[in-house]
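Heads up, final.cif below (mmCIF, C-alpha atoms):
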data_model
#
loop_
_atom_site.label_atom_id
_atom_site.label_comp_id
_atom_site.auth_asym_id
_atom_site.auth_seq_id
_atom_site.Cartn_x
_atom_site.Cartn_y
_atom_site.Cartn_z
CA MET A 1 0.00 0.00 0.00
CA GLN A 2 2.77 2.40 0.91
CA ASP A 3 3.94 4.54 -1.96
CA GLN A 4 7.60 4.42 -2.80
CA LEU A 5 8.90 7.92 -2.37
CA ILE A 6 12.28 7.46 -3.96
CA PRO A 7 13.68 8.57 -7.28
CA LEU A 8 12.64 5.97 -9.80
CA LEU A 9 13.72 7.49 -13.05
CA TYR A 10 15.80 4.48 -13.98
CA ARG A 11 13.14 2.00 -12.97
CA ALA A 12 10.35 3.74 -14.86
CA ASP A 13 12.59 3.89 -17.87
CA GLN A 14 13.36 0.20 -17.51
CA VAL A 15 9.65 -0.65 -17.30
CA ALA A 16 9.16 1.30 -20.51
CA VAL A 17 12.03 -0.57 -22.18
CA ASP A 18 10.75 -3.96 -21.05
CA LYS A 19 7.18 -3.21 -22.15
CA ARG A 20 8.18 -1.25 -25.24
CA ILE A 21 6.25 1.81 -24.20
CA PRO A 22 7.21 5.09 -25.91
CA TYR A 23 7.91 6.64 -22.53
CA SER A 24 9.85 9.60 -23.92
CA VAL A 25 9.10 11.44 -27.18
CA ILE A 26 10.60 14.47 -28.87
CA PHE A 27 8.05 16.42 -30.89
CA GLU A 28 9.79 18.67 -33.41
CA VAL A 29 6.84 20.97 -33.98
CA THR A 30 8.47 23.07 -36.69
CA ARG A 31 11.63 23.03 -38.77
CA HIS A 32 11.59 26.85 -38.90
CA CYS A 33 14.30 28.63 -36.92
CA ASN A 34 15.17 32.27 -36.32
CA LEU A 35 18.88 31.43 -36.12
CA ASP A 36 21.20 30.03 -38.75
CA CYS A 37 23.62 27.90 -36.73
CA ARG A 38 26.52 26.66 -38.82
CA MET A 39 26.25 23.07 -37.58
CA CYS A 40 22.45 22.75 -37.67
CA TYR A 41 21.32 19.39 -39.03
CA VAL A 42 17.83 20.65 -39.99
CA VAL A 43 17.89 21.42 -43.68
CA GLY A 44 15.36 24.09 -44.72
CA HIS A 45 15.16 25.73 -41.29
CA GLU A 46 14.92 29.19 -42.92
CA SER A 47 11.17 28.70 -43.32
CA ALA A 48 8.31 26.54 -42.08
CA ASP A 49 7.53 23.40 -44.05
CA PRO A 50 4.24 23.90 -45.98
CA GLU A 51 3.41 20.37 -44.82
CA GLU A 52 3.72 21.30 -41.12
CA LEU A 53 1.06 19.76 -38.88
CA SER A 54 -1.84 22.10 -38.02
CA THR A 55 -2.81 22.83 -34.41
CA ASP A 56 -5.59 20.24 -34.52
CA GLU A 57 -3.31 17.65 -36.07
CA ALA A 58 -0.63 18.32 -33.44
CA LYS A 59 -3.21 17.94 -30.67
CA HIS A 60 -4.34 14.66 -32.19
CA VAL A 61 -0.71 13.49 -32.07
CA LEU A 62 -0.62 14.36 -28.36
CA ASP A 63 -3.85 12.42 -27.75
CA GLN A 64 -2.32 9.37 -29.36
CA LEU A 65 0.94 9.66 -27.42
CA ALA A 66 -0.93 9.90 -24.10
CA GLN A 67 -2.87 6.80 -25.08
CA ALA A 68 0.38 4.98 -25.91
CA GLY A 69 1.84 5.72 -22.44
CA THR A 70 4.24 8.56 -23.25
CA LEU A 71 5.06 10.51 -20.10
CA ARG A 72 8.02 12.68 -21.02
CA LEU A 73 7.34 15.00 -23.93
CA SER A 74 9.90 17.42 -25.34
CA PHE A 75 8.85 20.21 -27.67
CA SER A 76 11.67 20.97 -30.05
CA GLY A 77 12.28 22.28 -33.57
CA GLY A 78 13.66 24.25 -35.42
CA GLU A 79 12.73 26.86 -32.87
CA PRO A 80 9.46 25.70 -31.27
CA PHE A 81 8.43 29.19 -30.13
CA LEU A 82 8.12 30.23 -33.79
CA ARG A 83 4.87 28.27 -33.80
CA ALA A 84 2.20 30.75 -32.76
CA ASP A 85 0.28 27.94 -31.09
CA LEU A 86 3.15 26.52 -29.00
CA LEU A 87 1.75 27.66 -25.64
CA GLU A 88 -1.66 26.29 -26.65
CA LEU A 89 -0.04 22.93 -27.45
CA ILE A 90 1.85 22.93 -24.14
CA ALA A 91 -1.38 23.70 -22.25
CA TYR A 92 -3.10 20.85 -24.08
CA ALA A 93 -0.20 18.51 -23.26
CA LYS A 94 -0.46 19.48 -19.59
CA GLN A 95 -4.19 18.64 -19.66
CA LEU A 96 -3.15 15.20 -20.86
CA ALA A 97 -0.77 14.93 -17.85
CA PHE A 98 2.50 14.85 -19.79
CA SER A 99 5.72 15.99 -18.19
CA VAL A 100 6.68 18.71 -20.66
CA ASP A 101 10.06 20.10 -21.47
CA ILE A 102 11.13 22.50 -24.19
CA MET A 103 14.32 22.78 -26.22
CA THR A 104 14.76 26.31 -27.48
CA ASN A 105 17.30 28.98 -28.35
CA GLY A 106 15.54 31.33 -25.91
CA ILE A 107 15.28 34.22 -28.37
CA LEU A 108 11.50 34.55 -28.01
CA ILE A 109 11.29 34.03 -24.24
CA GLY A 110 10.45 37.40 -22.70
CA PRO A 111 8.95 38.18 -19.28
CA GLU A 112 5.39 37.27 -20.32
CA THR A 113 6.35 33.93 -21.86
CA ALA A 114 8.45 33.07 -18.80
CA LYS A 115 5.41 33.75 -16.60
CA ARG A 116 3.19 31.60 -18.84
CA LEU A 117 5.69 28.75 -18.70
CA LYS A 118 5.69 28.96 -14.92
CA LYS A 119 1.89 28.81 -14.87
CA LEU A 120 1.89 25.86 -17.25
CA VAL A 121 4.31 24.01 -14.95
CA VAL A 122 6.72 22.87 -17.64
CA TRP A 123 9.24 20.43 -16.24
CA GLN A 124 12.30 22.00 -17.83
CA VAL A 125 13.39 24.50 -20.47
CA SER A 126 16.71 23.71 -22.15
CA ILE A 127 18.40 26.71 -23.74
CA SER A 128 21.05 26.21 -26.35
CA LEU A 129 24.14 28.24 -25.46
CA LEU A 130 27.01 27.95 -27.91
CA GLY A 131 29.54 30.12 -26.16
CA ALA A 132 30.22 32.10 -23.01
CA THR A 133 30.54 35.39 -24.89
CA PRO A 134 28.40 37.19 -27.49
CA GLU A 135 31.30 37.02 -29.98
CA THR A 136 31.47 33.22 -29.97
CA HIS A 137 27.78 32.39 -29.59
CA ASP A 138 26.61 34.93 -32.16
CA SER A 139 29.27 33.95 -34.69
CA ILE A 140 27.96 30.36 -34.58
CA THR A 141 24.25 31.26 -34.63
CA GLY A 142 24.69 33.88 -37.37
CA ARG A 143 22.58 36.38 -35.45
CA LYS A 144 23.89 39.32 -33.50
CA GLY A 145 22.24 39.66 -30.10
CA SER A 146 21.27 36.01 -29.83
CA PHE A 147 23.66 35.40 -26.90
CA THR A 148 22.21 38.27 -24.88
CA ARG A 149 18.69 37.05 -25.50
CA ALA A 150 19.52 33.44 -24.59
CA LEU A 151 21.15 34.63 -21.38
CA ASN A 152 18.19 36.88 -20.66
CA ALA A 153 15.81 33.94 -21.16
CA LEU A 154 17.80 31.86 -18.66
CA LYS A 155 17.64 34.68 -16.11
CA LEU A 156 13.92 35.28 -16.63
CA LEU A 157 13.13 31.60 -16.24
CA ARG A 158 15.21 31.41 -13.07
CA GLU A 159 13.44 34.47 -11.67
CA GLU A 160 10.07 32.86 -12.33
CA GLY A 161 11.20 29.61 -10.74
CA VAL A 162 11.08 27.62 -13.98
CA ARG A 163 13.69 24.87 -14.12
CA ALA A 164 16.14 25.95 -16.83
CA ARG A 165 19.19 24.21 -18.22
CA ILE A 166 22.07 25.13 -20.51
CA LYS A 167 22.61 22.76 -23.41
CA THR A 168 25.83 23.16 -25.37
CA LEU A 169 27.15 21.51 -28.47
CA ILE A 170 30.91 21.71 -28.07
CA MET A 171 32.90 22.00 -31.28
CA LYS A 172 36.06 23.63 -32.60
CA GLN A 173 34.35 27.01 -32.77
CA ASN A 174 33.51 27.22 -29.05
CA PHE A 175 35.88 24.78 -27.36
CA HIS A 176 38.02 27.63 -26.01
CA GLU A 177 35.07 28.76 -23.89
CA TYR A 178 33.81 25.48 -22.49
CA LYS A 179 35.16 26.16 -18.99
CA GLN A 180 33.58 29.61 -19.02
CA ILE A 181 30.24 28.05 -19.98
CA ILE A 182 30.50 25.77 -16.93
CA ASP A 183 31.29 28.82 -14.78
CA LEU A 184 28.39 30.71 -16.31
CA ALA A 185 26.00 27.85 -15.49
CA LYS A 186 27.28 27.85 -11.91
CA ASP A 187 26.83 31.62 -11.64
CA LEU A 188 23.28 31.36 -12.96
CA GLY A 189 22.52 28.38 -10.73
CA VAL A 190 21.41 26.16 -13.62
CA PRO A 191 22.53 22.68 -14.66
CA PHE A 192 24.32 22.19 -17.96
CA SER A 193 25.03 19.44 -20.43
CA MET A 194 27.70 19.33 -23.11
CA ASP A 195 27.56 17.23 -26.22
CA PRO A 196 30.78 16.87 -28.23
CA THR A 197 29.19 15.36 -31.35
CA VAL A 198 28.30 17.41 -34.42
CA SER A 199 26.05 15.32 -36.69
CA SER A 200 25.63 15.19 -40.43
CA ARG A 201 22.80 17.27 -41.84
CA ASN A 202 19.51 15.43 -42.18
CA ASP A 203 19.89 15.25 -45.96
CA GLY A 204 23.12 13.29 -45.46
CA ASP A 205 25.48 16.20 -46.15
CA THR A 206 28.60 15.67 -44.03
CA ASP A 207 30.06 19.18 -44.36
CA THR A 208 29.27 19.81 -40.67
CA LEU A 209 31.57 17.03 -39.46
CA SER A 210 34.69 19.15 -39.90
CA MET A 211 33.43 21.24 -36.95
CA ASN A 212 33.92 18.31 -34.59
CA LEU A 213 36.61 18.71 -31.93
CA THR A 214 40.21 17.80 -32.69
CA ASP A 215 41.51 14.70 -30.94
CA ASP A 216 43.37 16.74 -28.33
CA GLN A 217 40.31 18.89 -27.63
CA PHE A 218 38.11 15.81 -27.31
CA LYS A 219 40.54 14.21 -24.86
CA GLU A 220 40.81 17.39 -22.81
CA LEU A 221 37.04 17.58 -22.55
CA LEU A 222 36.80 13.96 -21.41
CA ALA A 223 39.57 14.42 -18.88
CA ASN A 224 37.55 17.14 -17.17
CA PRO A 225 36.14 15.40 -14.09
CA SER A 226 32.71 17.03 -14.44
CA LEU A 227 32.29 15.99 -18.07
CA GLY A 228 33.74 12.55 -18.79
CA PRO A 229 31.46 9.49 -18.73
CA ARG A 230 31.50 7.09 -15.77
CA THR A 231 33.07 4.31 -17.84
CA LEU A 232 36.35 6.26 -17.94
CA SER A 233 36.89 5.35 -14.30
CA LEU A 234 36.65 1.58 -14.86
CA ASN A 235 39.72 -0.62 -14.58
CA GLY A 236 40.46 -3.36 -17.10
CA ASP A 237 38.47 -6.10 -15.35
CA GLU A 238 35.50 -3.82 -14.79
CA LEU A 239 35.61 -2.78 -18.42
CA GLU A 240 35.54 -6.39 -19.58
CA ALA A 241 32.65 -7.20 -17.21
CA ASN A 242 30.79 -4.18 -18.54
CA ARG A 243 31.46 -5.34 -22.12
CA LYS A 244 29.88 -8.73 -21.44
CA VAL A 245 26.78 -7.12 -19.92
CA ARG A 246 26.42 -4.66 -22.77
CA LEU A 247 26.64 -7.35 -25.45
CA ASP A 248 23.06 -8.43 -24.82
CA GLY A 249 21.74 -4.89 -24.57
CA TYR A 250 19.79 -2.81 -27.06
CA LEU A 251 21.87 -0.53 -29.26
CA CYS A 252 20.00 2.51 -27.95
CA LYS A 253 16.54 3.40 -26.72
CA ALA A 254 15.40 4.79 -30.07
CA GLY A 255 12.42 2.71 -31.13
CA ILE A 256 12.44 0.90 -27.77
CA SER A 257 11.18 3.49 -25.27
CA PHE A 258 11.87 6.65 -27.25
CA CYS A 259 11.04 8.15 -30.64
CA ASP A 260 10.87 11.41 -32.53
CA ILE A 261 7.95 13.03 -34.33
CA SER A 262 8.71 15.52 -37.07
CA TRP A 263 6.80 18.67 -37.99
CA ASN A 264 5.19 16.87 -40.93
CA GLY A 265 4.01 13.89 -38.88
CA ASP A 266 6.86 11.51 -39.69
CA VAL A 267 7.65 9.13 -36.84
CA ARG A 268 11.35 8.32 -36.61
CA PRO A 269 13.53 6.46 -34.13
CA CYS A 270 15.33 9.72 -33.25
CA MET A 271 15.99 13.19 -34.62
CA GLN A 272 19.09 12.08 -36.51
CA TYR A 273 17.66 8.93 -38.04
CA PRO A 274 17.20 9.64 -41.74
CA GLU A 275 14.39 7.11 -42.30
CA SER A 276 10.76 7.39 -41.24
CA ALA A 277 8.84 4.51 -39.65
CA GLY A 278 5.55 5.98 -40.90
CA ASN A 279 3.52 9.16 -41.10
CA LEU A 280 0.75 10.16 -38.71
CA ARG A 281 -1.38 11.56 -41.54
CA GLU A 282 -1.57 8.06 -42.98
CA ASP A 283 -1.43 5.73 -39.96
CA SER A 284 -2.12 5.90 -36.24
CA PHE A 285 0.77 6.24 -33.82
CA ALA A 286 -0.08 2.86 -32.27
CA ASP A 287 0.07 1.15 -35.65
CA ILE A 288 3.41 2.73 -36.53
CA TRP A 289 4.93 2.09 -33.08
CA ASN A 290 3.76 -1.52 -32.93
CA GLU A 291 3.93 -2.60 -36.57
CA SER A 292 6.72 -0.66 -38.27
CA PRO A 293 9.44 -2.94 -39.72
CA LEU A 294 12.01 -0.23 -38.95
CA PHE A 295 11.22 -0.23 -35.23
CA GLU A 296 11.11 -4.01 -35.25
CA LYS A 297 14.57 -4.13 -36.81
CA LEU A 298 16.00 -1.81 -34.11
CA ARG A 299 14.21 -3.68 -31.30
CA ASN A 300 15.64 -7.00 -32.36
CA ALA A 301 19.22 -5.74 -32.64
CA ARG A 302 21.69 -6.40 -29.84
CA ARG A 303 25.36 -5.51 -29.67
CA THR A 304 26.20 -9.19 -29.85
CA HIS A 305 24.70 -9.20 -33.36
CA LEU A 306 27.07 -6.51 -34.63
CA PRO A 307 29.72 -8.32 -36.65
CA ASP A 308 32.24 -5.45 -36.54
CA CYS A 309 31.74 -4.60 -32.86
CA LYS A 310 30.85 -7.67 -30.81
CA ASP A 311 34.44 -8.69 -30.14
CA CYS A 312 35.79 -5.18 -29.68
CA ALA A 313 37.36 -4.57 -26.26
CA LEU A 314 36.36 -0.91 -26.48
CA LEU A 315 32.65 -1.65 -26.70
CA PRO A 316 31.88 -0.24 -23.21
CA LEU A 317 33.54 3.05 -24.15
CA CYS A 318 31.89 3.31 -27.54
CA PHE A 319 29.03 5.70 -28.19
CA ARG A 320 28.12 4.16 -31.52
CA CYS A 321 24.76 5.30 -32.81
CA PRO A 322 22.55 3.49 -35.34
CA ALA A 323 21.53 6.78 -36.97
CA THR A 324 25.11 7.97 -37.45
CA ALA A 325 26.15 4.53 -38.69
CA LEU A 326 23.37 4.69 -41.27
CA LEU A 327 24.40 8.19 -42.33
CA GLU A 328 28.12 7.39 -42.49
CA LYS A 329 28.10 3.78 -43.72
CA GLY A 330 24.60 3.16 -45.06
CA ASP A 331 24.03 0.47 -42.40
CA PRO A 332 22.77 1.17 -38.86
CA PHE A 333 24.61 -1.87 -37.54
CA ALA A 334 28.02 -1.26 -39.15
CA ALA A 335 31.09 0.06 -37.35
CA TYR A 336 31.94 3.57 -38.49
CA GLU A 337 35.09 5.61 -38.31
CA THR A 338 33.96 8.41 -35.98
CA ALA A 339 32.77 6.00 -33.28
CA CYS A 340 35.81 3.71 -33.54
CA HIS A 341 38.21 6.62 -33.47
CA ARG A 342 36.55 8.29 -30.49
CA ALA A 343 36.37 5.01 -28.56
CA ALA A 344 40.15 4.70 -29.02
CA LEU A 345 40.62 8.26 -27.71
CA MET A 346 38.46 7.46 -24.72
CA GLU A 347 40.59 4.41 -24.00
CA GLU A 348 43.66 6.66 -23.99
CA VAL A 349 42.01 8.96 -21.45
CA ARG A 350 40.88 6.01 -19.32
CA PHE A 351 44.35 4.48 -19.38
CA ALA A 352 45.97 7.79 -18.43
CA ARG A 353 43.60 8.12 -15.48
CA ILE A 354 44.44 4.66 -14.21
CA GLU A 355 48.16 5.33 -14.60
CA GLU A 356 47.78 8.59 -12.73
CA ALA A 357 45.82 6.91 -9.94
CA SER A 358 48.41 4.15 -9.56
CA ILE A 359 51.26 6.67 -9.36
CA GLY A 360 49.34 8.69 -6.77
CA SER A 361 48.54 5.68 -4.57
CA MET B 1 -10.61 13.52 6.40
CA LEU B 2 -13.19 10.95 5.24
CA GLU B 3 -15.73 13.52 4.07
CA LYS B 4 -13.21 15.47 2.00
CA MET B 5 -13.07 15.25 -1.78
CA LEU B 6 -9.87 13.91 -3.24
CA ASN B 7 -8.34 15.43 -6.36
CA ARG B 8 -5.16 14.71 -8.24
CA ASN B 9 -2.90 17.76 -8.45
CA LYS B 10 -3.27 18.81 -12.09
CA ASP B 11 0.38 19.84 -12.23
CA VAL B 12 1.54 16.28 -11.69
CA ALA B 13 2.50 14.37 -14.83
CA TRP B 14 1.42 10.75 -14.68
CA ARG B 15 0.72 7.54 -16.57
CA VAL B 16 -0.34 4.10 -15.54
CA ILE B 17 2.03 1.49 -16.93
CA GLU B 18 1.18 -2.14 -16.22
CA ASN B 19 -1.04 -1.31 -13.21
CA GLU B 20 1.63 0.93 -11.72
CA ALA B 21 1.23 4.70 -11.71
CA ILE B 22 4.38 6.68 -12.45
CA LEU B 23 4.15 10.28 -11.24
CA ILE B 24 6.41 13.26 -11.69
CA SER B 25 5.99 15.81 -8.96
CA ALA B 26 6.02 19.37 -10.25
CA GLU B 27 7.32 20.58 -6.91
CA ASP B 28 10.57 18.63 -6.79
CA SER B 29 10.62 17.10 -10.29
CA MET B 30 11.06 13.69 -8.71
CA LEU B 31 9.64 10.54 -10.14
CA HIS B 32 7.47 8.41 -7.89
CA SER B 33 5.72 5.13 -8.43
CA LEU B 34 2.62 3.73 -6.75
CA ASP B 35 1.77 0.11 -6.18
CA GLU B 36 -1.46 -1.41 -7.48
CA VAL B 37 -3.69 -0.19 -4.63
CA GLY B 38 -2.03 3.23 -4.61
CA THR B 39 -2.59 3.41 -8.34
CA ARG B 40 -6.28 2.59 -7.87
CA ILE B 41 -6.62 5.36 -5.26
CA TRP B 42 -4.83 7.75 -7.63
CA GLU B 43 -7.26 6.93 -10.45
CA LEU B 44 -10.25 7.40 -8.12
CA ALA B 45 -8.95 10.81 -7.01
CA ASP B 46 -10.66 12.63 -9.86
CA GLY B 47 -12.63 15.11 -7.79
CA SER B 48 -15.82 13.06 -7.78
CA ASN B 49 -15.02 10.82 -4.79
CA THR B 50 -14.59 11.56 -1.10
CA VAL B 51 -11.87 9.80 0.84
CA GLY B 52 -14.63 7.80 2.55
CA ALA B 53 -16.03 6.68 -0.81
CA ILE B 54 -12.54 5.60 -1.87
CA VAL B 55 -12.14 3.59 1.36
CA GLU B 56 -15.40 1.78 0.47
CA LYS B 57 -14.19 1.02 -3.06
CA ILE B 58 -10.83 -0.32 -1.79
CA PHE B 59 -12.71 -2.42 0.78
CA GLU B 60 -14.93 -3.84 -1.99
CA GLU B 61 -12.20 -4.43 -4.56
CA TYR B 62 -9.37 -5.82 -2.42
CA GLU B 63 -9.22 -8.51 0.21
CA VAL B 64 -8.87 -6.26 3.25
CA ASP B 65 -11.16 -5.49 6.18
CA ARG B 66 -12.77 -2.06 6.35
CA GLU B 67 -10.58 -0.83 9.22
CA THR B 68 -7.38 -1.73 7.39
CA ALA B 69 -8.68 -0.13 4.19
CA GLU B 70 -9.44 3.09 6.05
CA THR B 71 -6.08 3.21 7.86
CA ASP B 72 -4.13 2.53 4.70
CA VAL B 73 -6.08 4.94 2.49
CA VAL B 74 -5.83 7.76 5.03
CA GLU B 75 -2.10 7.16 5.48
CA PHE B 76 -1.58 7.07 1.73
CA VAL B 77 -3.60 10.24 1.15
CA THR B 78 -1.81 12.03 3.99
CA ASN B 79 1.57 11.13 2.53
CA LEU B 80 0.70 12.22 -0.98
CA ALA B 81 -1.06 15.38 0.18
CA SER B 82 1.86 16.42 2.37
CA GLU B 83 3.01 19.98 1.84
CA LYS B 84 6.23 18.98 0.09
CA LEU B 85 4.72 16.55 -2.38
CA GLY B 86 1.25 17.96 -2.94
CA LEU B 87 0.46 15.12 -5.34
CA LEU B 88 -3.08 14.86 -4.03
CA LEU B 89 -5.32 17.74 -3.01
CA LEU B 90 -8.06 17.62 -0.39
CA SER B 91 -11.07 19.89 -0.47
CA GLN B 92 -14.38 20.08 1.42
CA SER B 93 -17.18 17.87 0.12
CA GLU B 94 -19.73 19.78 -2.01
#
Starting from the file, lay out its structure as C-alpha cells.
Amino acid sequence: MQDQLIPLLYRADQVAVDKRIPYSVIFEVTRHCNLDCRMCYVVGHESADPEELSTDEAKHVLDQLAQAGTLRLSFSGGEPFLRADLLELIAYAKQLAFSVDIMTNGILIGPETAKRLKKLVVWQVSISLLGATPETHDSITGRKGSFTRALNALKLLREEGVRARIKTLIMKQNFHEYKQIIDLAKDLGVPFSMDPTVSSRNDGDTDTLSMNLTDDQFKELLANPSLGPRTLSLNGDELEANRKVRLDGYLCKAGISFCDISWNGDVRPCMQYPESAGNLREDSFADIWNESPLFEKLRNARRTHLPDCKDCALLPLCFRCPATALLEKGDPFAAYETACHRAALMEEVRFARIEEASIGS
Amino acid sequence: MLEKMLNRNKDVAWRVIENEAILISAEDSMLHSLDEVGTRIWELADGSNTVGAIVEKIFEEYEVDRETAETDVVEFVTNLASEKLGLLLLSQSE
C-alpha cells in the first residue's frame, strides 16, 4: 500500500524498455528557426515546411501519445516558439498529464512567456548556449544579439522559478570557452550538459563534421572530471565485465522506449535517423509504433549481433549510434570511423587516469 | 478527512504502466511510483469521490477489512497530500 517515495527514473525507464512503451518522445513541432547555426542538421530551417502539422493535427498526435503511455514529452524544432500555437499545445499537453520540457534557443522568451511557462508548470526548459561570450555564440548562430537574448531567457526563467538548463554543443568554434560556460552555469545556478558530437545534416550532407573537436580537444574535454562518462573510471576487469553485460543490450533506446515526431508527422527512431517509420497523416501512432518494420529491426538488434563490434574490447567506451552509422556507412549496424576513433581516444584517457591513480597511490 | 473530496494535483504528470502509476511531482521534479492499490486510489482521485467513498471502493475491490482499508487509504492520502509533495489535493465535500 505504501507509496515508494524514492527517485525511480531508472526503474520507470526500464519498465518502458521492457514493455516497449514510448515513454519519452521528442516532438519537433516546426523546422523553422530564427537562427542560422553553422552546424544545424535541420535542412530548410529558414522557413516553415508547408506540410507542417496544423494545431488540430498536433493535438491529435498528443492524444495518441498519451494513449500509448508517453510521459516525457519534449517540444523541439527548429525553434518551437516560432509556432504561434506553442503555448496552446503545451497547455493541451499538460491537460493530458504529460511531463513537458522545451528545447529552445531562448530568443523569443520574454517576461510574459516566462510567466506563462511557470503557470503551465513545464518540467524544464533547455536553452542552447554555444559560447560564453556574445562574440562566440553569435558567430555560430549567425545572429547578433542572440547570446544576450539566450542569457536573458535563462535569467527570466530562473526568476520565475522555472527549471532551466544550458545545453551546449561543443565544437572547434567554441571549445576555447567550455570552462567559461561551466562557470556561467554555476553563476546562474542552472545545470548544464555538453555534447561533443556534431552530426551530419539530415539530408546526409557531411560538411558539418569538420566542426567536430580535434583529438586533443576531445581528450581534454573527457579528462575534465565534471564531463567525462562514468566508464572512464573503470579498470580493465570492470571494463571487460561491462562489455559482457552490454553485449546483450539494445543498441540505444530509439524505437524501444523513445522516438521522434517531425513537424510533418513523420515518426522516426530519433531526430538524426534519416528514415521514417511511418507518417501520422496516414497511420495511427499505435500502428506505426507496434507494426513498423524499422522499429522491429531496431528492437531486435543487440550488440552481440554486430559483426564489426561484438568482439571489440572498447565496446563499453563506444558511443556508436545506429543513426550515425546509417548516415556514415549506409548500415545502422556497421562500425563507423567516428565512433571507432573516439572510442580509441576514450581508451587513452581512461588508461591515463588509471596510470595517474596508480602513481598517486 | 473521510468527508473530503480527493483530487489529483493537475500539475503532476502521470501515466499508468502495467497497473503501476508513475508520477512526476512538479514541486521537486522527482519521479514516484505507486503500487497497485495506490494506483487505484490515484485513479479514483478525480474530484468526484470523497476519501470515505474511496475507502469503500478499496474495501470492496481488495481482500482487506474495512478498518485496514481506512487506515491505509488515510495514510496514503496524507503522505501524498503532504506539503512537500502535494500530489493529491483535499477539499471540502460539495
Evaluate the PyMOL selection byres ((chain B and resi 58) around 9) against this structure - the residues, as a CSV table (one decimal) with C-alpha atoms, keeping the file's coordinate frame, please.
chain,number,residue,atom,x,y,z
B,37,VAL,CA,-3.7,-0.2,-4.6
B,40,ARG,CA,-6.3,2.6,-7.9
B,41,ILE,CA,-6.6,5.4,-5.3
B,53,ALA,CA,-16.0,6.7,-0.8
B,54,ILE,CA,-12.5,5.6,-1.9
B,55,VAL,CA,-12.1,3.6,1.4
B,56,GLU,CA,-15.4,1.8,0.5
B,57,LYS,CA,-14.2,1.0,-3.1
B,59,PHE,CA,-12.7,-2.4,0.8
B,60,GLU,CA,-14.9,-3.8,-2.0
B,61,GLU,CA,-12.2,-4.4,-4.6
B,62,TYR,CA,-9.4,-5.8,-2.4
B,63,GLU,CA,-9.2,-8.5,0.2
B,64,VAL,CA,-8.9,-6.3,3.2
B,66,ARG,CA,-12.8,-2.1,6.4
B,69,ALA,CA,-8.7,-0.1,4.2
B,70,GLU,CA,-9.4,3.1,6.0
B,73,VAL,CA,-6.1,4.9,2.5
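Considering the residues A:Lys119, A:His341, A:Arg320, A:Lys186 and counting all atoms listed in the file, B:Lys10 has its shortest atom-to-atom contact with A:Lys119.
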Query raised in the report: What do you get, as number ranges by chain, if you spell out every residue that the PyMOL selection byres ((chain A and resi 99) around 9) selects here?
Result: A: 71-74, 93-94, 97-98, 100-101, 121-124; B: 11-14, 24, 26
Keeping only C-alpha atoms, write those residues as an mmCIF file, in the frame of the given file.
data_model
loop_
_atom_site.group_PDB
_atom_site.id
_atom_site.type_symbol
_atom_site.label_atom_id
_atom_site.label_comp_id
_atom_site.auth_asym_id
_atom_site.auth_seq_id
_atom_site.Cartn_x
_atom_site.Cartn_y
_atom_site.Cartn_z
ATOM 1 C CA LEU A 71 5.060 10.510 -20.100
ATOM 2 C CA ARG A 72 8.020 12.680 -21.020
ATOM 3 C CA LEU A 73 7.340 15.000 -23.930
ATOM 4 C CA SER A 74 9.900 17.420 -25.340
ATOM 5 C CA ALA A 93 -0.200 18.510 -23.260
ATOM 6 C CA LYS A 94 -0.460 19.480 -19.590
ATOM 7 C CA ALA A 97 -0.770 14.930 -17.850
ATOM 8 C CA PHE A 98 2.500 14.850 -19.790
ATOM 9 C CA VAL A 100 6.680 18.710 -20.660
ATOM 10 C CA ASP A 101 10.060 20.100 -21.470
ATOM 11 C CA VAL A 121 4.310 24.010 -14.950
ATOM 12 C CA VAL A 122 6.720 22.870 -17.640
ATOM 13 C CA TRP A 123 9.240 20.430 -16.240
ATOM 14 C CA GLN A 124 12.300 22.000 -17.830
ATOM 15 C CA ASP B 11 0.380 19.840 -12.230
ATOM 16 C CA VAL B 12 1.540 16.280 -11.690
ATOM 17 C CA ALA B 13 2.500 14.370 -14.830
ATOM 18 C CA TRP B 14 1.420 10.750 -14.680
ATOM 19 C CA ILE B 24 6.410 13.260 -11.690
ATOM 20 C CA ALA B 26 6.020 19.370 -10.250
#
Requested in this report: Could you list the residues chosen by the PyMOL selection byres ((chain A and resi 209-218) around 10) in this structure as a VMD selection string?
Outcome: chain A and resid 38 to 39 169 to 176 196 to 201 205 to 208 219 to 223 338 341 to 342 345 to 346 349
Expected file contents, prior selection, C-alpha atoms, as a CSV table (one decimal), in the coordinates of the input:
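For reference, part18.csv as written:
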chain,number,residue,atom,x,y,z
A,38,ARG,CA,26.5,26.7,-38.8
A,39,MET,CA,26.2,23.1,-37.6
A,169,LEU,CA,27.2,21.5,-28.5
A,170,ILE,CA,30.9,21.7,-28.1
A,171,MET,CA,32.9,22.0,-31.3
A,172,LYS,CA,36.1,23.6,-32.6
A,173,GLN,CA,34.4,27.0,-32.8
A,174,ASN,CA,33.5,27.2,-29.0
A,175,PHE,CA,35.9,24.8,-27.4
A,176,HIS,CA,38.0,27.6,-26.0
A,196,PRO,CA,30.8,16.9,-28.2
A,197,THR,CA,29.2,15.4,-31.4
A,198,VAL,CA,28.3,17.4,-34.4
A,199,SER,CA,26.0,15.3,-36.7
A,200,SER,CA,25.6,15.2,-40.4
A,201,ARG,CA,22.8,17.3,-41.8
A,205,ASP,CA,25.5,16.2,-46.2
A,206,THR,CA,28.6,15.7,-44.0
A,207,ASP,CA,30.1,19.2,-44.4
A,208,THR,CA,29.3,19.8,-40.7
A,219,LYS,CA,40.5,14.2,-24.9
A,220,GLU,CA,40.8,17.4,-22.8
A,221,LEU,CA,37.0,17.6,-22.6
A,222,LEU,CA,36.8,14.0,-21.4
A,223,ALA,CA,39.6,14.4,-18.9
A,338,THR,CA,34.0,8.4,-36.0
A,341,HIS,CA,38.2,6.6,-33.5
A,342,ARG,CA,36.6,8.3,-30.5
A,345,LEU,CA,40.6,8.3,-27.7
A,346,MET,CA,38.5,7.5,-24.7
A,349,VAL,CA,42.0,9.0,-21.4
Report task. Excluding A:Thr231 and residues on its chain fewer than 4 positions from it, collect all residues at most 8 Å away from it, counting all atoms listed in the file, and give them as an NGL selection string. Result -> :A and (239 or 316-317)
Per residue of stretch 169-286 of chain A within 9 Å of stretch 297-300 of chain A, note the shortest atom pair and the distance in Å to one decimal, counting all atoms listed in the file, and order the rows by chain and increasing residue number, as CSV.
residue,atom,partner,partner_atom,distance
A:Tyr250,CA,A:Arg299,CA,7.1
A:Leu251,CA,A:Leu298,CA,7.7
A:Cys252,CA,A:Leu298,CA,8.5
A:Lys253,CA,A:Arg299,CA,8.7
A:Ala254,CA,A:Leu298,CA,7.8
A:Gly255,CA,A:Leu298,CA,6.5
A:Ile256,CA,A:Arg299,CA,6.0
A:Pro269,CA,A:Leu298,CA,8.6
